[in-house]
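Asker: This is entry01.pdb, which holds PDB, C-alpha atoms, pLDDT in the B column:
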```pdb
ATOM      1  CA  MET R 253     124.903  99.843  80.938  1.00 64.00           C
ATOM      2  CA  ASN R 254     126.108 103.429  80.468  1.00 64.00           C
ATOM      3  CA  SER R 255     124.667 105.555  77.675  1.00 61.00           C
ATOM      4  CA  LEU R 256     125.883 108.881  76.288  1.00 62.00           C
ATOM      5  CA  VAL R 257     122.945 111.268  75.890  1.00 63.00           C
ATOM      6  CA  HIS R 258     123.459 114.967  75.169  1.00 60.00           C
ATOM      7  CA  ASN R 259     127.138 114.726  76.164  1.00 66.00           C
ATOM      8  CA  ASN R 260     126.295 113.147  79.538  1.00 73.00           C
ATOM      9  CA  TYR R 261     126.630 109.539  80.610  1.00 79.00           C
ATOM     10  CA  TYR R 262     123.657 107.905  82.306  1.00 82.00           C
ATOM     11  CA  ASP R 263     123.077 104.484  83.809  1.00 85.00           C
ATOM     12  CA  VAL R 264     120.503 102.405  81.927  1.00 88.00           C
ATOM     13  CA  VAL R 265     118.720 100.018  84.300  1.00 86.00           C
ATOM     14  CA  ALA R 266     118.466  96.441  83.036  1.00 86.00           C
ATOM     15  CA  PRO R 267     115.243  94.423  83.257  1.00 86.00           C
ATOM     16  CA  ASN R 268     115.471  91.975  86.152  1.00 83.00           C
ATOM     17  CA  ILE R 269     113.405  89.218  84.547  1.00 84.00           C
ATOM     18  CA  CYS R 270     113.133  87.726  81.078  1.00 85.00           C
ATOM     19  CA  PRO R 271     109.584  88.113  79.692  1.00 82.00           C
ATOM     20  CA  TYR R 272     109.952  84.854  77.771  1.00 83.00           C
ATOM     21  CA  CYS R 273     111.365  82.284  80.229  1.00 84.00           C
ATOM     22  CA  TYR R 274     110.464  84.236  83.428  1.00 80.00           C
ATOM     23  CA  VAL R 275     113.897  83.611  84.980  1.00 82.00           C
ATOM     24  CA  THR R 276     114.873  86.385  87.391  1.00 79.00           C
ATOM     25  CA  GLN R 277     118.278  87.746  86.430  1.00 78.00           C
ATOM     26  CA  ILE R 278     120.370  90.725  85.407  1.00 80.00           C
ATOM     27  CA  CYS R 279     120.189  90.622  81.628  1.00 86.00           C
ATOM     28  CA  THR R 280     123.295  91.139  79.488  1.00 87.00           C
ATOM     29  CA  GLU R 281     123.517  94.516  77.764  1.00 86.00           C
ATOM     30  CA  VAL R 282     123.573  94.624  73.971  1.00 88.00           C
ATOM     31  CA  GLY R 283     123.018  98.279  73.135  1.00 83.00           C
ATOM     32  CA  CYS R 284     120.620 101.215  73.200  1.00 81.00           C
ATOM     33  CA  SER R 285     119.331 104.032  71.050  1.00 78.00           C
ATOM     34  CA  GLN R 286     117.646 107.307  71.932  1.00 73.00           C
ATOM     35  CA  LYS R 287     114.024 107.697  70.826  1.00 63.00           C
ATOM     36  CA  HIS R 288     113.674 110.487  68.264  1.00 56.00           C
ATOM     37  CA  SER R 289     110.397 111.638  69.787  1.00 53.00           C
ATOM     38  CA  SER R 290     111.764 112.190  73.280  1.00 58.00           C
ATOM     39  CA  LYS R 291     115.003 113.344  74.873  1.00 64.00           C
ATOM     40  CA  GLU R 292     114.148 111.463  78.036  1.00 78.00           C
ATOM     41  CA  SER R 293     113.468 108.005  76.599  1.00 81.00           C
ATOM     42  CA  LEU R 294     115.725 105.235  75.325  1.00 84.00           C
ATOM     43  CA  ILE R 295     115.185 101.958  73.531  1.00 87.00           C
ATOM     44  CA  SER R 296     117.508  99.390  75.124  1.00 88.00           C
ATOM     45  CA  LEU R 297     118.414  95.892  73.913  1.00 89.00           C
ATOM     46  CA  TRP R 298     119.359  93.059  76.258  1.00 91.00           C
ATOM     47  CA  ARG R 299     119.984  89.322  76.101  1.00 91.00           C
ATOM     48  CA  CYS R 300     118.551  86.770  78.510  1.00 91.00           C
ATOM     49  CA  THR R 301     121.341  85.025  80.469  1.00 90.00           C
ATOM     50  CA  ASN R 302     119.356  81.799  80.894  1.00 89.00           C
ATOM     51  CA  MET R 303     121.247  79.291  78.734  1.00 89.00           C
ATOM     52  CA  SER R 304     118.041  77.570  77.625  1.00 88.00           C
ATOM     53  CA  CYS R 305     116.515  80.864  76.430  1.00 90.00           C
ATOM     54  CA  GLN R 306     119.047  83.589  75.483  1.00 89.00           C
ATOM     55  CA  ARG R 307     116.438  85.605  73.592  1.00 89.00           C
ATOM     56  CA  LEU R 308     116.875  89.274  72.805  1.00 89.00           C
ATOM     57  CA  ILE R 309     114.725  91.616  74.895  1.00 89.00           C
ATOM     58  CA  VAL R 310     113.706  95.093  73.724  1.00 89.00           C
ATOM     59  CA  CYS R 311     112.818  97.630  76.443  1.00 87.00           C
ATOM     60  CA  GLU R 312     111.810 101.232  76.854  1.00 86.00           C
ATOM     61  CA  ASN R 313     113.660 103.238  79.510  1.00 86.00           C
ATOM     62  CA  GLU R 314     112.801 106.666  80.862  1.00 86.00           C
ATOM     63  CA  LEU R 315     115.165 109.230  82.385  1.00 86.00           C
ATOM     64  CA  ILE R 316     114.400 109.701  86.067  1.00 86.00           C
ATOM     65  CA  GLY R 317     117.043 111.531  88.046  1.00 83.00           C
ATOM     66  CA  ALA R 318     120.462 110.297  86.984  1.00 82.00           C
ATOM     67  CA  GLU R 319     119.425 107.041  85.323  1.00 87.00           C
ATOM     68  CA  PHE R 320     117.184 105.600  82.651  1.00 88.00           C
ATOM     69  CA  VAL R 321     114.840 103.287  84.560  1.00 87.00           C
ATOM     70  CA  PHE R 322     113.024 100.348  82.996  1.00 85.00           C
ATOM     71  CA  ILE R 323     109.482 101.225  81.893  1.00 82.00           C
ATOM     72  CA  ARG R 324     108.190  98.342  79.774  1.00 81.00           C
ATOM     73  CA  PHE R 325     109.032  95.551  77.365  1.00 83.00           C
ATOM     74  CA  LEU R 326     108.527  96.374  73.687  1.00 81.00           C
ATOM     75  CA  ASP R 327     108.639  92.794  72.443  1.00 68.00           C
ATOM     76  CA  SER R 328     105.499  91.065  71.277  1.00 56.00           C
ATOM     77  CA  CYS R 329     103.456  89.232  73.890  1.00 57.00           C
ATOM     78  CA  PRO R 330     105.779  86.845  75.772  1.00 56.00           C
ATOM     79  CA  GLN R 331     105.281  83.124  76.128  1.00 59.00           C
ATOM     80  CA  GLU R 332     103.183  82.097  79.104  1.00 66.00           C
ATOM     81  CA  ARG R 333     105.166  80.842  82.081  1.00 76.00           C
ATOM     82  CA  ILE R 334     105.221  77.187  83.102  1.00 81.00           C
ATOM     83  CA  TRP R 335     102.769  76.724  85.972  1.00 89.00           C
ATOM     84  CA  PRO R 336     103.221  74.170  88.751  1.00 90.00           C
ATOM     85  CA  GLU R 337     100.797  71.258  88.675  1.00 91.00           C
ATOM     86  CA  PRO R 338      98.859  72.202  91.856  1.00 91.00           C
ATOM     87  CA  VAL R 339      98.049  75.594  90.319  1.00 92.00           C
ATOM     88  CA  LEU R 340      96.939  74.017  87.033  1.00 91.00           C
ATOM     89  CA  GLN R 341      94.624  71.732  88.993  1.00 91.00           C
ATOM     90  CA  LEU R 342      92.961  74.548  90.945  1.00 91.00           C
ATOM     91  CA  LYS R 343      89.233  75.016  90.457  1.00 90.00           C
ATOM     92  CA  SER R 344      87.126  78.106  91.043  1.00 89.00           C
ATOM     93  CA  ALA R 345      85.480  77.954  94.493  1.00 79.00           C
ATOM     94  CA  GLY R 346      85.574  74.184  94.439  1.00 71.00           C
ATOM     95  CA  ASP R 347      83.576  73.885  91.191  1.00 78.00           C
ATOM     96  CA  SER R 348      85.159  71.021  89.263  1.00 78.00           C
ATOM     97  CA  THR R 349      83.867  72.450  85.966  1.00 81.00           C
ATOM     98  CA  LEU R 350      85.466  75.887  86.351  1.00 85.00           C
ATOM     99  CA  GLU R 351      89.181  76.606  86.298  1.00 88.00           C
ATOM    100  CA  SER R 352      90.584  79.025  88.847  1.00 91.00           C
ATOM    101  CA  LYS R 353      90.832  82.598  87.529  1.00 92.00           C
ATOM    102  CA  PHE R 354      94.283  82.986  89.088  1.00 94.00           C
ATOM    103  CA  ILE R 355      96.267  82.112  85.957  1.00 92.00           C
ATOM    104  CA  LYS R 356      94.087  84.216  83.646  1.00 91.00           C
ATOM    105  CA  THR R 357      94.267  87.252  85.939  1.00 94.00           C
ATOM    106  CA  TYR R 358      98.015  86.883  86.481  1.00 93.00           C
ATOM    107  CA  ASN R 359      98.654  86.645  82.728  1.00 89.00           C
ATOM    108  CA  GLN R 360      96.560  89.743  82.046  1.00 90.00           C
ATOM    109  CA  SER R 361      98.557  91.585  84.720  1.00 92.00           C
ATOM    110  CA  VAL R 362     101.805  90.580  83.001  1.00 87.00           C
ATOM    111  CA  GLN R 363     100.480  91.947  79.698  1.00 83.00           C
ATOM    112  CA  ALA R 364      99.504  95.216  81.367  1.00 87.00           C
ATOM    113  CA  GLU R 365     102.935  95.531  82.961  1.00 84.00           C
ATOM    114  CA  ASN R 366     104.696  94.806  79.665  1.00 76.00           C
ATOM    115  CA  ALA R 367     102.640  97.585  78.097  1.00 75.00           C
ATOM    116  CA  GLY R 368     103.871 100.020  80.755  1.00 76.00           C
ATOM    117  CA  LEU R 369     100.544 100.038  82.657  1.00 84.00           C
ATOM    118  CA  ASP R 370     102.146  99.487  86.064  1.00 83.00           C
ATOM    119  CA  GLU R 371      99.239 100.908  88.083  1.00 86.00           C
ATOM    120  CA  ILE R 372      96.750  98.576  86.436  1.00 91.00           C
ATOM    121  CA  ALA R 373      99.179  95.657  86.617  1.00 91.00           C
ATOM    122  CA  GLY R 374      99.585  96.086  90.369  1.00 92.00           C
ATOM    123  CA  MET R 375      95.851  95.888  90.958  1.00 94.00           C
ATOM    124  CA  GLY R 376      95.686  92.847  88.691  1.00 95.00           C
ATOM    125  CA  TYR R 377      98.389  91.000  90.624  1.00 95.00           C
ATOM    126  CA  ARG R 378      96.514  91.794  93.850  1.00 95.00           C
ATOM    127  CA  LYS R 379      93.319  90.345  92.392  1.00 96.00           C
ATOM    128  CA  SER R 380      95.158  87.234  91.210  1.00 96.00           C
ATOM    129  CA  ILE R 381      96.389  86.650  94.772  1.00 96.00           C
ATOM    130  CA  GLU R 382      92.795  86.668  96.042  1.00 96.00           C
ATOM    131  CA  TYR R 383      91.797  84.040  93.480  1.00 96.00           C
ATOM    132  CA  LEU R 384      94.815  81.930  94.429  1.00 96.00           C
ATOM    133  CA  VAL R 385      94.198  82.145  98.181  1.00 96.00           C
ATOM    134  CA  LYS R 386      90.465  81.445  98.105  1.00 96.00           C
ATOM    135  CA  ASP R 387      90.719  78.652  95.546  1.00 95.00           C
ATOM    136  CA  LEU R 388      93.495  76.975  97.548  1.00 95.00           C
ATOM    137  CA  ALA R 389      91.359  77.258 100.677  1.00 95.00           C
ATOM    138  CA  THR R 390      88.213  75.859  99.044  1.00 94.00           C
ATOM    139  CA  ALA R 391      90.223  72.956  97.583  1.00 92.00           C
ATOM    140  CA  LYS R 392      91.507  72.037 101.033  1.00 92.00           C
ATOM    141  CA  PHE R 393      88.282  72.737 102.938  1.00 94.00           C
ATOM    142  CA  PRO R 394      85.420  71.874 100.538  1.00 92.00           C
ATOM    143  CA  ASN R 395      82.834  71.949 103.336  1.00 93.00           C
ATOM    144  CA  ASP R 396      83.566  75.641 103.953  1.00 94.00           C
ATOM    145  CA  ILE R 397      83.218  76.909 100.368  1.00 93.00           C
ATOM    146  CA  GLU R 398      80.430  79.390 101.062  1.00 92.00           C
ATOM    147  CA  LYS R 399      82.148  80.668 104.211  1.00 94.00           C
ATOM    148  CA  ILE R 400      85.428  81.174 102.339  1.00 94.00           C
ATOM    149  CA  LYS R 401      83.738  82.985  99.449  1.00 92.00           C
ATOM    150  CA  GLY R 402      82.131  85.448 101.880  1.00 92.00           C
ATOM    151  CA  LYS R 403      85.168  86.122 104.080  1.00 94.00           C
ATOM    152  CA  ALA R 404      87.630  88.968 103.642  1.00 94.00           C
ATOM    153  CA  LEU R 405      90.959  87.834 102.194  1.00 94.00           C
ATOM    154  CA  ALA R 406      92.886  88.537 105.419  1.00 94.00           C
ATOM    155  CA  GLN R 407      90.403  86.428 107.386  1.00 96.00           C
ATOM    156  CA  VAL R 408      90.725  83.520 104.947  1.00 96.00           C
ATOM    157  CA  LEU R 409      94.490  83.583 105.439  1.00 96.00           C
ATOM    158  CA  LYS R 410      94.058  83.658 109.212  1.00 95.00           C
ATOM    159  CA  ASP R 411      91.519  80.821 109.320  1.00 96.00           C
ATOM    160  CA  TYR R 412      92.810  78.423 106.655  1.00 96.00           C
ATOM    161  CA  PHE R 413      96.581  78.875 106.239  1.00 95.00           C
ATOM    162  CA  THR R 414      99.575  78.223 108.468  1.00 93.00           C
ATOM    163  CA  GLY R 415     103.362  78.396 108.428  1.00 92.00           C
ATOM    164  CA  ASP R 416     105.644  80.097 105.923  1.00 91.00           C
ATOM    165  CA  ILE R 417     103.141  80.097 103.072  1.00 93.00           C
ATOM    166  CA  LYS R 418     100.660  82.038 105.230  1.00 94.00           C
ATOM    167  CA  ASP R 419     103.334  84.583 106.180  1.00 95.00           C
ATOM    168  CA  ILE R 420     104.409  85.104 102.568  1.00 95.00           C
ATOM    169  CA  LEU R 421     100.833  85.325 101.279  1.00 95.00           C
ATOM    170  CA  GLU R 422     100.005  87.927 103.934  1.00 96.00           C
ATOM    171  CA  ARG R 423     102.903  90.072 102.775  1.00 95.00           C
ATOM    172  CA  ALA R 424     101.924  89.632  99.143  1.00 95.00           C
ATOM    173  CA  VAL R 425      98.430  90.873 100.064  1.00 95.00           C
ATOM    174  CA  TRP R 426      99.895  93.884 101.910  1.00 95.00           C
ATOM    175  CA  LEU R 427     101.962  94.907  98.888  1.00 94.00           C
ATOM    176  CA  GLY R 428      99.037  94.172  96.579  1.00 93.00           C
ATOM    177  CA  ASN R 429      96.792  96.417  98.656  1.00 93.00           C
ATOM    178  CA  ASP R 430      99.298  99.222  98.166  1.00 93.00           C
ATOM    179  CA  HIS R 431      98.694  98.988  94.418  1.00 90.00           C
ATOM    180  CA  ALA R 432      94.924  98.990  94.853  1.00 88.00           C
ATOM    181  CA  HIS R 433      94.494 101.837  97.350  1.00 89.00           C
ATOM    182  CA  TYR R 434      95.092 105.587  97.344  1.00 89.00           C
ATOM    183  CA  TYR R 435      97.621 105.651 100.178  1.00 87.00           C
ATOM    184  CA  LYS R 436     100.741 103.483  99.866  1.00 88.00           C
ATOM    185  CA  ILE R 437     102.162 102.111 103.120  1.00 92.00           C
ATOM    186  CA  PHE R 438     105.186 100.160 101.850  1.00 91.00           C
ATOM    187  CA  GLU R 439     106.858 102.782  99.658  1.00 87.00           C
ATOM    188  CA  GLN R 440     110.172 100.916  99.551  1.00 90.00           C
ATOM    189  CA  PHE R 441     108.698  97.832  97.861  1.00 89.00           C
ATOM    190  CA  ASP R 442     107.780  97.953  94.179  1.00 87.00           C
ATOM    191  CA  LEU R 443     105.949  95.692  91.743  1.00 89.00           C
ATOM    192  CA  THR R 444     108.981  93.439  91.388  1.00 88.00           C
ATOM    193  CA  MET R 445     108.859  92.562  95.084  1.00 91.00           C
ATOM    194  CA  LEU R 446     105.155  91.733  94.814  1.00 93.00           C
ATOM    195  CA  LYS R 447     105.851  89.336  91.949  1.00 91.00           C
ATOM    196  CA  ASP R 448     108.757  87.800  93.879  1.00 92.00           C
ATOM    197  CA  LEU R 449     106.379  86.952  96.717  1.00 94.00           C
ATOM    198  CA  ILE R 450     103.921  85.334  94.301  1.00 94.00           C
ATOM    199  CA  ASP R 451     106.809  83.359  92.772  1.00 92.00           C
ATOM    200  CA  TYR R 452     107.837  82.178  96.248  1.00 93.00           C
ATOM    201  CA  VAL R 453     104.311  80.933  96.950  1.00 94.00           C
ATOM    202  CA  LEU R 454     104.167  79.075  93.626  1.00 94.00           C
ATOM    203  CA  ALA R 455     107.550  77.478  94.331  1.00 92.00           C
ATOM    204  CA  GLU R 456     106.344  76.328  97.764  1.00 93.00           C
ATOM    205  CA  LEU R 457     103.174  74.837  96.278  1.00 93.00           C
ATOM    206  CA  ASP R 458     105.241  73.004  93.669  1.00 93.00           C
ATOM    207  CA  LYS R 459     107.649  71.701  96.319  1.00 93.00           C
ATOM    208  CA  GLU R 460     104.857  70.369  98.533  1.00 92.00           C
ATOM    209  CA  TYR R 461     103.097  68.762  95.568  1.00 92.00           C
ATOM    210  CA  LYS R 462     106.246  67.006  94.373  1.00 93.00           C
ATOM    211  CA  LYS R 463     107.137  65.864  97.888  1.00 93.00           C
ATOM    212  CA  ALA R 464     103.704  64.264  98.350  1.00 91.00           C
ATOM    213  CA  HIS R 465     103.859  62.738  94.862  1.00 90.00           C
ATOM    214  CA  TYR R 466     107.199  61.012  95.379  1.00 92.00           C
ATOM    215  CA  LEU R 467     106.465  59.887  98.932  1.00 91.00           C
ATOM    216  CA  ASN R 468     103.215  58.297  97.748  1.00 91.00           C
ATOM    217  CA  SER R 469     104.646  56.859  94.541  1.00 90.00           C
ATOM    218  CA  ILE R 470     107.916  55.390  95.801  1.00 90.00           C
ATOM    219  CA  LYS R 471     107.292  52.939  98.624  1.00 85.00           C
ATOM    220  CA  PRO R 472     109.887  51.181 100.763  1.00 84.00           C
ATOM    221  CA  TYR R 473     111.109  47.970  99.150  1.00 79.00           C
ATOM    222  CA  ASN R 474     110.551  44.865 101.213  1.00 76.00           C
ATOM    223  CA  LYS R 475     112.564  41.828 100.259  1.00 70.00           C
ATOM    224  CA  PRO R 476     110.500  38.663  99.837  1.00 67.00           C
TER     225      PRO R 476
END
```
How would this structure read if it were set down as structure tokens?

Answerer:
Amino acid sequence: MNSLVHNNYYDVVAPNICPYCYVTQICTEVGCSQKHSSKESLISLWRCTNMSCQRLIVCENELIGAEFVFIRFLDSCPQERIWPEPVLQLKSAGDSTLESKFIKTYNQSVQAENAGLDEIAGMGYRKSIEYLVKDLATAKFPNDIEKIKGKALAQVLKDYFTGDIKDILERAVWLGNDHAHYYKIFEQFDLTMLKDLIDYVLAELDKEYKKAHYLNSIKPYNKP
């Protein structure tokens, strides 16, 4: 979207995800208006392109360089995303009476991000990854619960995970560490990339769960 501000045209960056249905996308522009309190801020209005949602999305954008970049959503608190079954079933450190803190921490991080608190949100997403990793490990290796609880996150990944999901989780931890520490190593990757990695992990968990479910539920038919 282009916006005329003080006789100059600027690009207004669209949000790349809907805060209601959580579908990654380039939202459709509706319009924008300059904030009276600031010459360097805009209120922009977009529409979700997901046909099953199509809600209006109100954002705040801030002038940085030659464009108004997305800062935060101004809508009320969005609907919680739909979680895959293996995540809903996760327990905290193998305790069947305690739900994993992953979902709670992730949701709080989303709320912080929507409020424009990107520094706090980044640390929250990093913490949510640790809950996810350790609770997945303790679910799979219940005899090692105390060992897993005491290990560093990188060591848990090395000792208890394999394949693509290990590789993606490692990279999610690297980007998460950037948001938790003073010195940032991966300058070219922002909060969106960190969330994309978490989404990839959740999709892989859902795929593996569904594969096991259907293979176990639908058996070969033997004619009598």

Asker: For the structure provided, state which residues fall under the PyMOL selection byres ((chain R and resi 354) around 12), and present them as a PyMOL selection string.

Answerer: chain R and resi 335+339-345+350-353+355-361+376-388+450+454

Asker: Please provide the set of residues having any atom within 10 Å of R:Trp426, restricted to only C-alpha atoms, with same-chain residues fewer than 5 positions apart removed, written as a ChimeraX atom specification.

Answerer: /R:378,406,420-421,431,436-438,446

Asker: Starting from the displayed file, determine the output of the PyMOL selection byres ((chain R and resi 413-415) around 12) and express the residue list as a PyMOL selection string.

Answerer: chain R and resi 385-386+388-390+392-393+405-412+416-422+453+456

Asker: Hey, what's within 6 Å of R:Glu319 if we count all atoms listed in the file and toss same-chain stuff fewer than 5 positions away? As an MDAnalysis selection string, please?

Answerer: chainID R and resid 262:264

Asker: Run the PyMOL selection byres ((chain R and resi 301-311) around 6) against the file shown and list the residues it catches, as a PyMOL selection string.

Answerer: chain R and resi 279+295-300+312+324-327

Asker: Please provide as an NGL selection string all residues within 7 Å of R:Val321, with the sequence filter that same-chain residues fewer than 4 positions apart are discarded (counting all atoms listed in the file).

Answerer: :R and (264-265 or 313-316)

Asker: So what do you get for atom CA of R:Gly368 versus atom CA of R:Asn268, distance-wise?

Answerer: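 Computing the Euclidean distance for atom CA of R:Gly368 and atom CA of R:Asn268 yields 15.1 Å.
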
Asker: Using atom CA of R:Asp430 and atom CA of R:Met375 as the two end points, give the distance in Å to one decimal.

Answerer: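 Interatomic distance, atom CA of R:Asp430 to atom CA of R:Met375: 8.7 Å.
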
Asker: Under the rule that all atoms listed in the file are counted, which of R:Cys273, R:Leu427, R:Ile278, R:Val362 is the nearest residue to R:Arg333?

Answerer: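 Comparing R:Cys273, R:Leu427, R:Ile278, R:Val362 against R:Arg333, the winner is R:Cys273.
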
Asker: Just to confirm, what's the straight-line distance from atom CA of R:Tyr461 to atom CA of R:Pro338 in Å (one decimal)?

Answerer: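 Between atom CA of R:Tyr461 and atom CA of R:Pro338 the gap works out to 6.6 Å.
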
Asker: Give the answer as one residue: which of R:Thr444, R:Ile372, R:Val275, R:Tyr452 has the shortest atom-to-atom distance to R:Phe322, using all atoms listed in the file?

Answerer: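 For R:Phe322, the nearest of the candidates is R:Thr444.
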
Asker: So, counting all atoms listed in the file, which residue among R:Cys270, R:Ala391, R:Ala318, R:Asn468 is closest to R:Glu292?

Answerer: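 Of R:Cys270, R:Ala391, R:Ala318, R:Asn468, the one nearest R:Glu292, counting all atoms listed in the file, is R:Ala318.
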
Asker: Identify which of the residues R:Pro336, R:Gly346, R:Gly428, R:Pro394 lies closest to R:Gly374, counting all atoms listed in the file when measuring atom-to-atom distances.

Answerer: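 Nearest to R:Gly374: R:Gly428.
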